[in-house]
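Structure file work-v9.cif (mmCIF, C-alpha atoms and all ligand atoms) is printed below.
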```cif
data_model
loop_
_atom_site.label_atom_id
_atom_site.label_comp_id
_atom_site.auth_asym_id
_atom_site.auth_seq_id
_atom_site.Cartn_x
_atom_site.Cartn_y
_atom_site.Cartn_z
CA MET D 1 18.60 23.31 -15.14
CA PRO D 2 19.55 20.39 -12.80
CA ARG D 3 21.00 17.74 -15.09
CA ILE D 4 20.90 14.06 -14.08
CA THR D 5 24.52 12.94 -13.84
CA SER D 6 24.13 9.46 -12.35
CA ALA D 7 21.69 7.10 -10.74
CA LYS D 8 21.99 3.87 -8.81
CA VAL D 9 19.88 1.15 -7.26
CA ILE D 10 20.43 0.31 -3.61
CA VAL D 11 19.19 -3.08 -2.39
CA THR D 12 19.19 -3.58 1.36
CA CYS D 13 17.58 -5.93 3.89
CA PRO D 14 17.23 -4.35 7.34
CA GLY D 15 14.86 -7.12 8.45
CA ARG D 16 13.14 -7.16 5.04
CA ASN D 17 14.18 -6.29 1.49
CA PHE D 18 13.96 -2.78 0.09
CA VAL D 19 14.96 -1.46 -3.33
CA THR D 20 15.75 2.26 -3.51
CA LEU D 21 16.66 4.43 -6.49
CA LYS D 22 19.02 7.36 -5.95
CA ILE D 23 19.26 9.98 -8.70
CA GLU D 24 22.08 12.57 -8.59
CA THR D 25 22.26 15.91 -10.38
CA ASP D 26 25.04 18.29 -11.35
CA GLU D 27 23.69 20.77 -8.79
CA GLY D 28 24.72 18.41 -5.99
CA VAL D 29 21.10 17.66 -5.13
CA TYR D 30 19.93 14.04 -5.14
CA GLY D 31 16.52 12.41 -4.96
CA LEU D 32 15.27 9.06 -3.65
CA GLY D 33 12.53 6.77 -4.87
CA ASP D 34 11.17 3.51 -3.47
CA ALA D 35 11.13 0.60 -5.96
CA THR D 36 10.28 -2.29 -3.63
CA LEU D 37 8.06 -5.04 -5.06
CA ASN D 38 7.59 -7.65 -2.37
CA GLY D 39 8.92 -11.07 -3.40
CA ARG D 40 10.03 -9.79 -6.84
CA GLU D 41 12.56 -7.16 -5.73
CA LEU D 42 15.42 -7.98 -8.09
CA ALA D 43 13.21 -7.77 -11.18
CA VAL D 44 12.60 -4.07 -10.51
CA ALA D 45 16.25 -3.52 -9.56
CA SER D 46 17.29 -4.94 -12.93
CA TYR D 47 14.59 -3.05 -14.86
CA LEU D 48 15.95 0.16 -13.37
CA ALA D 49 19.67 -0.55 -13.59
CA ASP D 50 19.67 -2.26 -16.99
CA HIS D 51 16.89 -0.46 -18.84
CA VAL D 52 15.93 2.85 -17.19
CA ILE D 53 19.05 4.46 -15.74
CA PRO D 54 20.89 4.56 -19.11
CA CYS D 55 17.98 6.65 -20.50
CA LEU D 56 18.06 9.14 -17.61
CA ILE D 57 21.62 10.38 -17.81
CA GLY D 58 21.87 13.95 -19.11
CA ARG D 59 18.15 14.72 -18.77
CA ASP D 60 16.69 17.80 -17.10
CA ALA D 61 15.54 16.56 -13.68
CA HIS D 62 12.83 19.25 -13.58
CA ARG D 63 10.92 17.70 -16.49
CA ILE D 64 9.02 15.18 -14.37
CA GLU D 65 5.96 14.77 -16.58
CA ASP D 66 8.03 14.43 -19.73
CA ILE D 67 10.28 11.80 -18.18
CA TRP D 68 7.21 9.93 -16.90
CA GLN D 69 5.68 9.92 -20.41
CA TYR D 70 9.02 8.95 -21.93
CA LEU D 71 9.38 5.90 -19.66
CA TYR D 72 5.72 4.87 -19.99
CA LYS D 73 5.17 5.38 -23.72
CA GLY D 74 8.78 4.91 -24.70
CA ALA D 75 9.12 1.34 -23.39
CA TYR D 76 6.46 0.18 -25.86
CA TRP D 77 5.61 -2.50 -23.23
CA ARG D 78 3.23 -0.75 -20.88
CA ARG D 79 1.95 -1.21 -17.32
CA GLY D 80 2.54 -4.17 -15.00
CA PRO D 81 3.99 -4.09 -11.48
CA VAL D 82 7.66 -4.23 -12.47
CA THR D 83 7.49 -1.44 -15.06
CA MET D 84 5.24 0.79 -12.98
CA SER D 85 7.28 0.38 -9.77
CA ALA D 86 10.40 1.36 -11.70
CA ILE D 87 8.68 4.42 -13.19
CA ALA D 88 7.35 5.26 -9.73
CA ALA D 89 10.85 5.24 -8.26
CA VAL D 90 12.11 7.67 -10.89
CA ASP D 91 9.05 9.89 -10.40
CA MET D 92 9.45 9.99 -6.60
CA ALA D 93 13.15 10.80 -6.90
CA LEU D 94 12.48 13.65 -9.34
CA TRP D 95 9.80 15.17 -7.07
CA ASP D 96 12.28 14.86 -4.21
CA ILE D 97 14.87 16.77 -6.24
CA LYS D 98 12.37 19.46 -7.26
CA GLY D 99 11.34 19.96 -3.65
CA LYS D 100 14.91 20.18 -2.43
CA ILE D 101 15.82 22.74 -5.11
CA ALA D 102 12.69 24.78 -4.32
CA GLY D 103 13.42 24.50 -0.59
CA LEU D 104 9.87 23.25 -0.03
CA PRO D 105 8.32 20.05 1.30
CA LEU D 106 6.69 18.12 -1.54
CA TYR D 107 3.12 18.75 -0.38
CA GLN D 108 3.66 22.46 -1.00
CA LEU D 109 4.51 21.74 -4.65
CA LEU D 110 1.35 19.63 -4.92
CA GLY D 111 -0.87 22.58 -4.04
CA GLY D 112 -0.29 22.78 -0.30
CA ALA D 113 -1.96 21.04 2.61
CA CYS D 114 -5.73 20.72 2.45
CA ARG D 115 -5.91 19.02 5.85
CA GLU D 116 -3.92 19.18 9.08
CA GLY D 117 -2.77 15.57 8.88
CA ALA D 118 -3.56 12.22 7.34
CA MET D 119 -5.73 9.84 9.36
CA VAL D 120 -3.99 6.47 9.50
CA TYR D 121 -5.18 3.02 10.46
CA GLY D 122 -3.19 0.55 12.50
CA HIS D 123 -3.27 -3.24 12.34
CA ALA D 124 -4.77 -5.12 15.27
CA ASN D 125 -4.52 -8.88 15.04
CA GLY D 126 -4.54 -12.01 17.14
CA LYS D 127 -5.08 -15.76 16.96
CA THR D 128 -8.42 -15.40 18.72
CA ILE D 129 -11.10 -12.70 18.78
CA GLU D 130 -10.13 -11.90 22.37
CA GLU D 131 -6.48 -11.39 21.44
CA THR D 132 -7.40 -9.21 18.46
CA ILE D 133 -9.64 -7.02 20.60
CA GLU D 134 -6.99 -6.69 23.27
CA ASN D 135 -4.57 -5.58 20.56
CA ALA D 136 -7.16 -3.15 19.12
CA LEU D 137 -7.69 -1.59 22.58
CA HIS D 138 -3.97 -0.94 22.67
CA TYR D 139 -4.17 0.91 19.32
CA GLN D 140 -7.11 2.90 20.62
CA GLN D 141 -5.04 3.92 23.65
CA LEU D 142 -2.25 5.04 21.32
CA GLY D 143 -4.76 7.42 19.75
CA TYR D 144 -5.63 5.61 16.53
CA LYS D 145 -8.96 6.71 15.08
CA ALA D 146 -9.07 3.77 12.66
CA ILE D 147 -8.07 0.15 13.28
CA ARG D 148 -7.93 -2.86 11.00
CA LEU D 149 -9.09 -6.11 12.60
CA GLN D 150 -7.71 -9.49 11.47
CA SER D 151 -8.22 -12.62 13.52
CA GLY D 152 -7.28 -16.29 13.30
CA VAL D 153 -9.94 -18.54 11.76
CA PRO D 154 -11.02 -21.53 13.93
CA GLY D 155 -10.00 -24.70 12.10
CA LEU D 156 -7.25 -23.05 10.00
CA ALA D 157 -3.63 -23.25 11.18
CA SER D 158 -2.74 -19.77 9.92
CA THR D 159 -4.24 -16.96 7.92
CA TYR D 160 -3.38 -13.62 6.36
CA GLY D 161 -2.83 -10.74 8.74
CA VAL D 162 -2.24 -12.70 11.92
CA SER D 163 1.30 -12.12 13.00
CA LYS D 164 3.84 -14.00 15.08
CA ASP D 165 5.05 -10.69 16.43
CA ARG D 166 1.97 -8.70 17.42
CA TYR D 167 3.25 -5.30 16.30
CA PHE D 168 5.30 -6.06 13.19
CA TYR D 169 3.58 -8.18 10.58
CA GLU D 170 5.75 -9.48 7.77
CA PRO D 171 4.02 -11.86 5.36
CA ALA D 172 7.10 -12.49 3.14
CA ASP D 173 8.43 -15.00 5.63
CA ALA D 174 10.43 -17.69 3.84
CA ASP D 175 13.14 -18.54 1.31
CA LEU D 176 10.48 -20.40 -0.70
CA PRO D 177 6.73 -19.71 -0.50
CA THR D 178 5.08 -21.06 2.65
CA GLU D 179 2.03 -23.25 1.87
CA ASN D 180 -1.15 -22.23 3.73
CA LEU D 181 -4.52 -23.93 3.83
CA TRP D 182 -7.67 -21.89 3.17
CA SER D 183 -11.39 -22.40 3.70
CA SER D 184 -13.79 -19.59 2.74
CA GLU D 185 -16.60 -21.33 4.65
CA LYS D 186 -14.68 -21.31 7.94
CA TYR D 187 -13.49 -17.75 7.36
CA LEU D 188 -16.99 -16.45 6.56
CA ARG D 189 -18.28 -17.77 9.90
CA SER D 190 -15.44 -16.13 11.83
CA VAL D 191 -15.68 -12.45 10.82
CA PRO D 192 -19.18 -11.34 12.00
CA PRO D 193 -18.53 -12.40 15.65
CA LEU D 194 -15.19 -10.53 15.51
CA PHE D 195 -16.94 -7.32 14.51
CA GLU D 196 -19.78 -7.83 16.98
CA LYS D 197 -17.39 -8.26 19.91
CA ALA D 198 -15.13 -5.46 18.66
CA ARG D 199 -18.02 -2.96 18.68
CA GLU D 200 -18.94 -4.06 22.21
CA ALA D 201 -15.37 -3.54 23.41
CA LEU D 202 -14.24 -0.53 21.37
CA GLY D 203 -17.49 1.40 20.97
CA TRP D 204 -18.64 3.32 17.90
CA ASP D 205 -16.21 6.25 17.84
CA VAL D 206 -13.47 4.32 16.12
CA HIS D 207 -13.35 3.24 12.47
CA LEU D 208 -13.05 -0.51 12.01
CA LEU D 209 -11.55 -1.97 8.83
CA HIS D 210 -10.99 -5.47 7.52
CA ASP D 211 -8.87 -6.97 4.72
CA ILE D 212 -10.33 -9.99 2.90
CA HIS D 213 -7.15 -10.21 0.84
CA HIS D 214 -8.82 -11.31 -2.41
CA ARG D 215 -10.12 -14.59 -0.96
CA LEU D 216 -13.85 -14.55 -1.58
CA THR D 217 -15.99 -14.95 -4.67
CA PRO D 218 -18.12 -11.88 -5.44
CA ILE D 219 -21.30 -13.46 -4.09
CA GLU D 220 -19.56 -14.58 -0.89
CA ALA D 221 -18.21 -11.06 -0.48
CA GLY D 222 -21.73 -9.69 -0.94
CA ARG D 223 -22.92 -11.95 1.87
CA LEU D 224 -20.08 -10.95 4.21
CA GLY D 225 -20.67 -7.27 3.47
CA LYS D 226 -24.34 -7.72 4.38
CA ASP D 227 -23.51 -9.63 7.57
CA LEU D 228 -21.16 -6.84 8.69
CA GLU D 229 -23.52 -3.94 7.92
CA PRO D 230 -24.86 -3.72 11.51
CA TYR D 231 -21.29 -3.04 12.75
CA ARG D 232 -20.69 -0.20 10.26
CA PRO D 233 -17.26 -1.18 8.93
CA PHE D 234 -15.22 1.71 7.48
CA TRP D 235 -14.33 -0.59 4.61
CA LEU D 236 -13.94 -4.15 3.42
CA GLU D 237 -10.69 -4.42 1.52
CA ASP D 238 -9.86 -6.53 -1.53
CA ALA D 239 -13.06 -8.58 -1.29
CA THR D 240 -12.30 -10.50 -4.46
CA PRO D 241 -9.65 -10.36 -7.19
CA ALA D 242 -10.27 -7.39 -9.49
CA GLU D 243 -8.74 -8.34 -12.81
CA ASN D 244 -12.35 -8.62 -13.88
CA GLN D 245 -13.65 -5.28 -12.65
CA ALA D 246 -17.26 -6.44 -13.15
CA ASN D 247 -16.80 -8.64 -10.05
CA PHE D 248 -17.48 -5.60 -7.94
CA ARG D 249 -20.82 -4.91 -9.62
CA LEU D 250 -22.14 -8.11 -8.09
CA ILE D 251 -20.82 -7.27 -4.61
CA ARG D 252 -22.24 -3.76 -4.85
CA GLN D 253 -25.72 -5.08 -5.63
CA HIS D 254 -25.80 -6.91 -2.31
CA THR D 255 -24.28 -4.69 0.33
CA THR D 256 -23.88 -1.12 1.56
CA SER D 257 -20.64 -1.96 3.39
CA PRO D 258 -18.01 0.35 1.83
CA LEU D 259 -15.53 -1.34 -0.49
CA ALA D 260 -11.81 -0.67 -0.94
CA VAL D 261 -9.58 -2.30 -3.52
CA GLY D 262 -6.38 -1.78 -5.46
CA GLU D 263 -3.15 -2.28 -3.50
CA VAL D 264 -1.95 -4.47 -6.39
CA PHE D 265 -3.08 -2.04 -9.11
CA ASN D 266 -0.43 -0.40 -11.27
CA ALA D 267 -2.31 1.99 -13.52
CA ILE D 268 -5.48 4.00 -13.89
CA TRP D 269 -6.72 1.39 -16.37
CA ASP D 270 -6.87 -1.19 -13.55
CA CYS D 271 -9.62 0.82 -11.88
CA LYS D 272 -11.32 2.59 -14.78
CA GLU D 273 -14.67 0.77 -14.55
CA LEU D 274 -14.46 0.39 -10.79
CA ILE D 275 -14.29 4.16 -10.43
CA GLU D 276 -16.40 5.23 -13.38
CA GLU D 277 -19.29 2.98 -12.33
CA GLN D 278 -18.84 3.87 -8.65
CA LEU D 279 -18.39 0.23 -7.70
CA ILE D 280 -15.93 1.07 -4.91
CA ASP D 281 -15.57 3.69 -2.20
CA TYR D 282 -11.79 3.74 -1.69
CA ILE D 283 -8.93 3.22 -4.11
CA ARG D 284 -5.87 1.59 -2.52
CA ALA D 285 -3.29 2.23 -5.26
CA THR D 286 0.08 3.38 -3.90
CA VAL D 287 2.84 5.70 -4.95
CA VAL D 288 5.38 2.90 -5.48
CA HIS D 289 3.26 0.35 -7.33
CA ALA D 290 1.13 2.74 -9.38
CA GLY D 291 3.57 4.92 -11.26
CA GLY D 292 4.60 7.45 -8.62
CA ILE D 293 3.13 10.74 -7.45
CA THR D 294 2.43 11.83 -11.02
CA HIS D 295 0.24 8.86 -11.89
CA LEU D 296 -1.40 8.47 -8.48
CA ARG D 297 -2.56 12.09 -8.63
CA ARG D 298 -4.18 11.33 -11.96
CA ILE D 299 -5.99 8.35 -10.42
CA ALA D 300 -7.07 10.48 -7.44
CA SER D 301 -8.49 13.23 -9.66
CA PHE D 302 -10.45 10.69 -11.67
CA ALA D 303 -11.67 9.09 -8.43
CA ASP D 304 -12.75 12.46 -7.04
CA MET D 305 -15.18 12.92 -9.93
CA HIS D 306 -16.89 9.69 -8.86
CA ASN D 307 -17.01 10.06 -5.07
CA VAL D 308 -14.17 7.61 -4.56
CA ARG D 309 -11.65 8.52 -1.87
CA THR D 310 -8.03 7.43 -1.53
CA GLY D 311 -6.77 4.83 0.95
CA CYS D 312 -3.14 4.18 0.05
CA HIS D 313 -1.55 0.84 0.83
CA GLY D 314 1.03 1.33 3.58
CA ALA D 315 2.33 -2.08 4.63
CA THR D 316 5.92 -2.64 5.78
CA ASP D 317 7.08 -3.65 2.30
CA LEU D 318 6.57 -0.03 1.23
CA SER D 319 9.76 1.67 2.39
CA PRO D 320 9.89 4.85 4.50
CA VAL D 321 10.69 6.69 1.25
CA CYS D 322 7.30 5.60 -0.13
CA MET D 323 5.60 6.33 3.20
CA ALA D 324 6.95 9.89 3.05
CA ALA D 325 5.75 10.30 -0.55
CA ALA D 326 2.33 8.90 0.38
CA LEU D 327 1.94 11.40 3.24
CA HIS D 328 2.72 14.39 0.98
CA PHE D 329 0.14 13.04 -1.45
CA ASP D 330 -2.39 12.44 1.36
CA LEU D 331 -2.00 15.96 2.73
CA SER D 332 -2.57 17.59 -0.64
CA VAL D 333 -5.26 15.51 -2.31
CA PRO D 334 -8.84 16.76 -1.74
CA ASN D 335 -10.48 13.31 -1.77
CA PHE D 336 -8.13 11.65 0.72
CA GLY D 337 -9.82 8.97 2.81
CA VAL D 338 -7.35 7.17 5.04
CA GLN D 339 -3.72 6.00 4.96
CA GLU D 340 -2.58 2.54 6.05
CA TYR D 341 0.29 2.64 8.53
CA MET D 342 2.12 -0.48 9.60
CA ARG D 343 5.11 0.70 11.57
CA HIS D 344 8.56 -0.23 10.32
CA THR D 345 11.06 -1.86 12.63
CA GLU D 346 13.80 0.19 14.29
CA GLU D 347 16.33 -1.43 11.96
CA THR D 348 14.44 -0.17 8.92
CA ASP D 349 13.89 3.30 10.37
CA ALA D 350 17.63 3.57 11.08
CA VAL D 351 18.50 2.82 7.43
CA PHE D 352 15.87 5.34 6.22
CA PRO D 353 15.93 8.41 8.51
CA HIS D 354 12.78 10.46 7.91
CA HIS D 355 10.80 13.50 9.00
CA TYR D 356 7.26 12.14 9.12
CA SER D 357 5.58 11.75 12.48
CA PHE D 358 2.51 10.29 14.18
CA ALA D 359 0.35 12.05 16.77
CA ASP D 360 -3.25 11.51 17.81
CA GLY D 361 -4.14 9.03 15.07
CA MET D 362 -2.83 11.33 12.34
CA MET D 363 0.43 11.55 10.43
CA HIS D 364 2.28 14.49 8.95
CA PRO D 365 5.10 14.32 6.38
CA GLY D 366 7.12 17.07 8.08
CA ASP D 367 8.50 20.24 6.51
CA ALA D 368 11.93 19.18 5.27
CA PRO D 369 12.46 20.05 1.58
CA GLY D 370 11.45 17.31 -0.88
CA LEU D 371 10.20 13.99 0.50
CA GLY D 372 11.93 14.35 3.86
CA ALA D 373 13.27 10.79 3.77
CA ASP D 374 16.87 9.74 3.34
CA ILE D 375 18.99 6.59 3.17
CA ASP D 376 22.08 5.82 5.25
CA GLU D 377 24.02 4.05 2.53
CA GLU D 378 26.76 2.78 4.82
CA LEU D 379 24.25 1.17 7.13
CA ALA D 380 22.21 -0.12 4.16
CA ALA D 381 25.32 -1.87 2.80
CA ARG D 382 25.54 -3.95 5.97
CA TYR D 383 22.25 -5.71 5.21
CA GLU D 384 22.58 -8.07 2.28
CA TYR D 385 19.57 -8.99 0.11
CA LYS D 386 17.82 -12.11 1.40
CA ARG D 387 15.37 -13.92 -0.86
CA ALA D 388 11.90 -13.88 0.69
CA TYR D 389 8.54 -14.89 -0.76
CA LEU D 390 4.94 -14.21 0.11
CA PRO D 391 3.01 -17.39 1.05
CA VAL D 392 0.64 -19.28 -1.24
CA ASN D 393 -2.81 -20.66 -0.43
CA ARG D 394 -4.44 -24.00 -1.22
CA LEU D 395 -8.01 -25.04 -0.58
CA GLU D 396 -8.61 -28.11 1.58
CA ASP D 397 -8.74 -30.31 -1.56
CA GLY D 398 -5.25 -29.17 -2.56
CA SER D 399 -6.16 -26.76 -5.36
CA MET D 400 -4.44 -23.40 -5.57
CA TRP D 401 -6.30 -20.37 -4.25
CA HIS D 402 -5.64 -16.63 -3.98
CA TRP D 403 -3.31 -15.68 -1.16
O1 LIG Y 501 -0.25 -8.46 1.89
O2 LIG Y 501 1.88 -5.64 1.52
O3 LIG Y 501 -3.30 -4.24 3.34
N1 LIG Y 501 -2.21 -4.73 3.37
C1 LIG Y 501 -1.85 -5.86 2.77
C2 LIG Y 501 -0.41 -6.26 2.88
C3 LIG Y 501 0.05 -7.12 1.69
C4 LIG Y 501 1.52 -6.98 1.51
C5 LIG Y 501 1.98 -7.66 0.22
O4 LIG Y 501 3.26 -7.31 -0.10
O5 LIG Y 501 -2.68 -6.53 2.18
O6 LIG Y 501 -0.16 -6.91 4.10
CO CO Y 502 -4.45 -5.40 1.82
#
```
Spit out the file's structure as structure tokens when you get a sec.
Amino acid sequence: MPRITSAKVIVTCPGRNFVTLKIETDEGVYGLGDATLNGRELAVASYLADHVIPCLIGRDAHRIEDIWQYLYKGAYWRRGPVTMSAIAAVDMALWDIKGKIAGLPLYQLLGGACREGAMVYGHANGKTIEETIENALHYQQLGYKAIRLQSGVPGLASTYGVSKDRYFYEPADADLPTENLWSSEKYLRSVPPLFEKAREALGWDVHLLHDIHHRLTPIEAGRLGKDLEPYRPFWLEDATPAENQANFRLIRQHTTSPLAVGEVFNAIWDCKELIEEQLIDYIRATVVHAGGITHLRRIASFADMHNVRTGCHGATDLSPVCMAAALHFDLSVPNFGVQEYMRHTEETDAVFPHHYSFADGMMHPGDAPGLGADIDEELAARYEYKRAYLPVNRLEDGSMWHW
């Protein structure tokens, strides 16, 4: 039995902050787990170092389900992004260890591949529709079969998803939250022409996606969904906040545009009605923020019963360790839909060497034992943590809005 002898939290900032858990065993095998929670990184680092690691020492690393239940039920205080990201990091690291000991890539332990690769979508963006389309054409040339379109909104100085650097979008951009101005009316006028022109330029053989980033009311989202129907979007993401899951019932009544939600979800309870009542088409929960491989598989199985497919969050704040875990999950889960893929910078990739690869619009986790992602601790130590926040939004009258 591989006994856990020690564990530590590694915080590094190769261009952006990442929190990584490393668990070591007496068999000399170690495992890694991503614990990054954008803008709240140190809370998870402390939760792990101060409250989780002491409970891990001496345990049998093979007992993944038992350790998951112990950390979830045993804390008394359940769910929430900090708790569930910490549990996720432990879970990922234990699966990594199990894979390394078995000499098998993780997807083999999860039942083996049920597809050749995971279709990913890239992020095309620009200040104007023309710029966004030019960027999308570039993704199409790179072989992407699915592309997310985000464009500047006329009359608004900045908006979500439109990057300073065209290929690396990093929303957590300041030492204190940047203040942005938002107008749903202006935004709602800007999206249909983007999709109309994108179909003209890109044709119909590519999937087009869009992220609303929680900014509309349900009835506004219903209207946008209806307006976009002629352009056959693959999905509309995070149309409205989902704390009240009934929000999506209203959207669903008004549009056949497919709906995706859940990158901020932490547990199966966050999407119980959404899935059970078939109010969504794709569930965006991720390995790192939703309790690890163990819990995400549970969500996926529940989703499969209700014709909901997976579409894991894959922005740059999810480290290459999480990306690797996501790809093993994607390869093995029957109701996989699509995987988000925002490339990491070279700096980040150097700190986290990995075996996953991209070809022809698809990704594969590689066949190295375990997750197939590592951390160069010496290099990581050179990048000190740098406080960085996500922006906030205000409406034109100064009141706070969803970012
Ligand atoms: O804003 O990951 O679909 N992707 C997204 C991301 C999120 C960030 C938040 O940390 O919505 O860009
Ligand atoms: Co999103």
Which residue, D:Gly292, D:Ala172, D:Pro365, D:Tyr160, has the smallest gap to Asn38 in chain D when you use only C-alpha atoms? D:Ala172
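Taking CA of Arg387 in chain D and CA of Gly80 in chain D as the two end points, the separation is 21.4 Å.
Every protein, DNA or RNA residue with an atom at most 12 Å from Arg59 in chain D, where all atoms listed in the file count and chain neighbours fewer than 5 positions away do not, is listed here: Met1, Pro2, Arg3, Ile4, Thr5, Ser6, Ala7, Ile23, Glu24, Thr25, Asp26, Ile53, Pro54, Ile64, Asp66, Ile67, Tyr70 and Leu94 of chain D.
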Set the cut-off to 8 Å, count only C-alpha atoms and all ligand atoms, and list whatever residues fall near ligand LIG 501 (chain Y) as a PyMOL selection string. chain D and resi 37-39+160-161+169-172+211+213+237+263+313-318+340+390
Straight-line distance linking CA of Leu327 in chain D with CA of Ala49 in chain D, stated in Å to one decimal: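 Going from CA of Leu327 in chain D over to CA of Ala49 in chain D covers 27.2 Å.
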Using all atoms listed in the file, which residues sit within 12 Å of Thr345 in chain D once same-chain residues fewer than 3 positions away are excluded, as a list in words? Cys13, Pro14, Gly15, Arg16, Asp165, Tyr167, Phe168, Tyr169, Glu170, Ala315, Thr316, Asp317, Ser319, Pro320, Met342, Thr348, Asp349, Ala350, Val351 and Phe352 of chain D
Mind giving me the straight-line distance from CA of His354 in chain D to CA of Val287 in chain D in Å, one decimal?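 Those two atoms sit 16.9 Å apart.
Of the residues listed (D:Val264, D:Ala61, D:Ala373, D:Leu279), D:Val264 shows the shortest atom-to-atom separation from ligand CO 502 (chain Y); distances use all atoms listed in the file.
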Set the distance at 7 Å and use only C-alpha atoms: which residues neighbour range 149-157 of chain D once local chain neighbours fewer than 3 positions away are removed? I'd like the list as a tab-separated table (two decimals) with C-alpha atoms, in the coordinates of the input.
```
chain	number	residue	atom	x	y	z
D	123	HIS	CA	-3.27	-3.24	12.34
D	124	ALA	CA	-4.77	-5.12	15.27
D	125	ASN	CA	-4.52	-8.88	15.04
D	126	GLY	CA	-4.54	-12.01	17.14
D	127	LYS	CA	-5.08	-15.76	16.96
D	128	THR	CA	-8.42	-15.40	18.72
D	129	ILE	CA	-11.10	-12.70	18.78
D	132	THR	CA	-7.40	-9.21	18.46
D	161	GLY	CA	-2.83	-10.74	8.74
D	162	VAL	CA	-2.24	-12.70	11.92
D	181	LEU	CA	-4.52	-23.93	3.83
D	182	TRP	CA	-7.67	-21.89	3.17
D	186	LYS	CA	-14.68	-21.31	7.94
D	187	TYR	CA	-13.49	-17.75	7.36
D	190	SER	CA	-15.44	-16.13	11.83
D	208	LEU	CA	-13.05	-0.51	12.01
D	209	LEU	CA	-11.55	-1.97	8.83
D	210	HIS	CA	-10.99	-5.47	7.52
```
What lies within 12 Å of Asp360 in chain D using only C-alpha atoms, ignoring chain neighbours under 6 positions off, as an MDAnalysis selection string? chainID D and resid 116:121 139:146
Selection export as a PDB file, in the frame of the given file, atoms kept: C-alpha atoms:
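The resulting file, again14.pdb, is reproduced below:
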```pdb
ATOM      1  CA  GLU D 116      -3.920  19.180   9.080  1.00  0.00           C
ATOM      2  CA  GLY D 117      -2.770  15.570   8.880  1.00  0.00           C
ATOM      3  CA  ALA D 118      -3.560  12.220   7.340  1.00  0.00           C
ATOM      4  CA  MET D 119      -5.730   9.840   9.360  1.00  0.00           C
ATOM      5  CA  VAL D 120      -3.990   6.470   9.500  1.00  0.00           C
ATOM      6  CA  TYR D 121      -5.180   3.020  10.460  1.00  0.00           C
ATOM      7  CA  TYR D 139      -4.170   0.910  19.320  1.00  0.00           C
ATOM      8  CA  GLN D 140      -7.110   2.900  20.620  1.00  0.00           C
ATOM      9  CA  GLN D 141      -5.040   3.920  23.650  1.00  0.00           C
ATOM     10  CA  LEU D 142      -2.250   5.040  21.320  1.00  0.00           C
ATOM     11  CA  GLY D 143      -4.760   7.420  19.750  1.00  0.00           C
ATOM     12  CA  TYR D 144      -5.630   5.610  16.530  1.00  0.00           C
ATOM     13  CA  LYS D 145      -8.960   6.710  15.080  1.00  0.00           C
ATOM     14  CA  ALA D 146      -9.070   3.770  12.660  1.00  0.00           C
TER      15      ALA D 146
END
```
With distances taken over only C-alpha atoms, which residue among D:Leu371, D:Met362, D:Leu202, D:Ala45 lies nearest Ile97 in chain D?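 Nearest candidate to Ile97 in chain D out of D:Leu371, D:Met362, D:Leu202, D:Ala45: D:Leu371.
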Using only C-alpha atoms, which protein or nucleic acid residues come within 12 Å of Ala267 in chain D? Drop anything in the same chain fewer than 2 positions from it, and give the result as a ChimeraX atom specification. /D:72,78-85,87-88,262-265,269-272,283-300
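Only residues having an atom at most 9 Å from (-18.2, -9.6, -1.1) are included; using only C-alpha atoms, these are D:Ile212, D:Leu216, D:Thr217, D:Pro218, D:Ile219, D:Glu220, D:Ala221, D:Gly222, D:Arg223, D:Leu224, D:Gly225, D:Lys226, D:Leu236, D:Asp238, D:Ala239, D:Thr240, D:Phe248, D:Leu250, D:Ile251, D:Arg252, D:His254, D:Thr255, D:Leu259.
Take the candidates D:Leu188, D:Ile280, D:Gly372, D:Asp227 and check each one against Asp96 in chain D using only C-alpha atoms; the shortest distance goes to D:Gly372.
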Let me make sure I understand: among D:Gly361, D:Pro241, D:Pro192, D:Gly370, which one has the smallest atom-to-atom distance to ligand CO 502 (chain Y) if we use all atoms listed in the file?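 Of D:Gly361, D:Pro241, D:Pro192, D:Gly370, the one nearest ligand CO 502 (chain Y) is D:Pro241, counting all atoms listed in the file.
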Could you check which of D:Arg148, D:Ala174, D:Asp281, D:Asn244 is closest to ligand CO 502 (chain Y), using only C-alpha atoms and all ligand atoms?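 Closest residue, counting only C-alpha atoms and all ligand atoms: D:Arg148.
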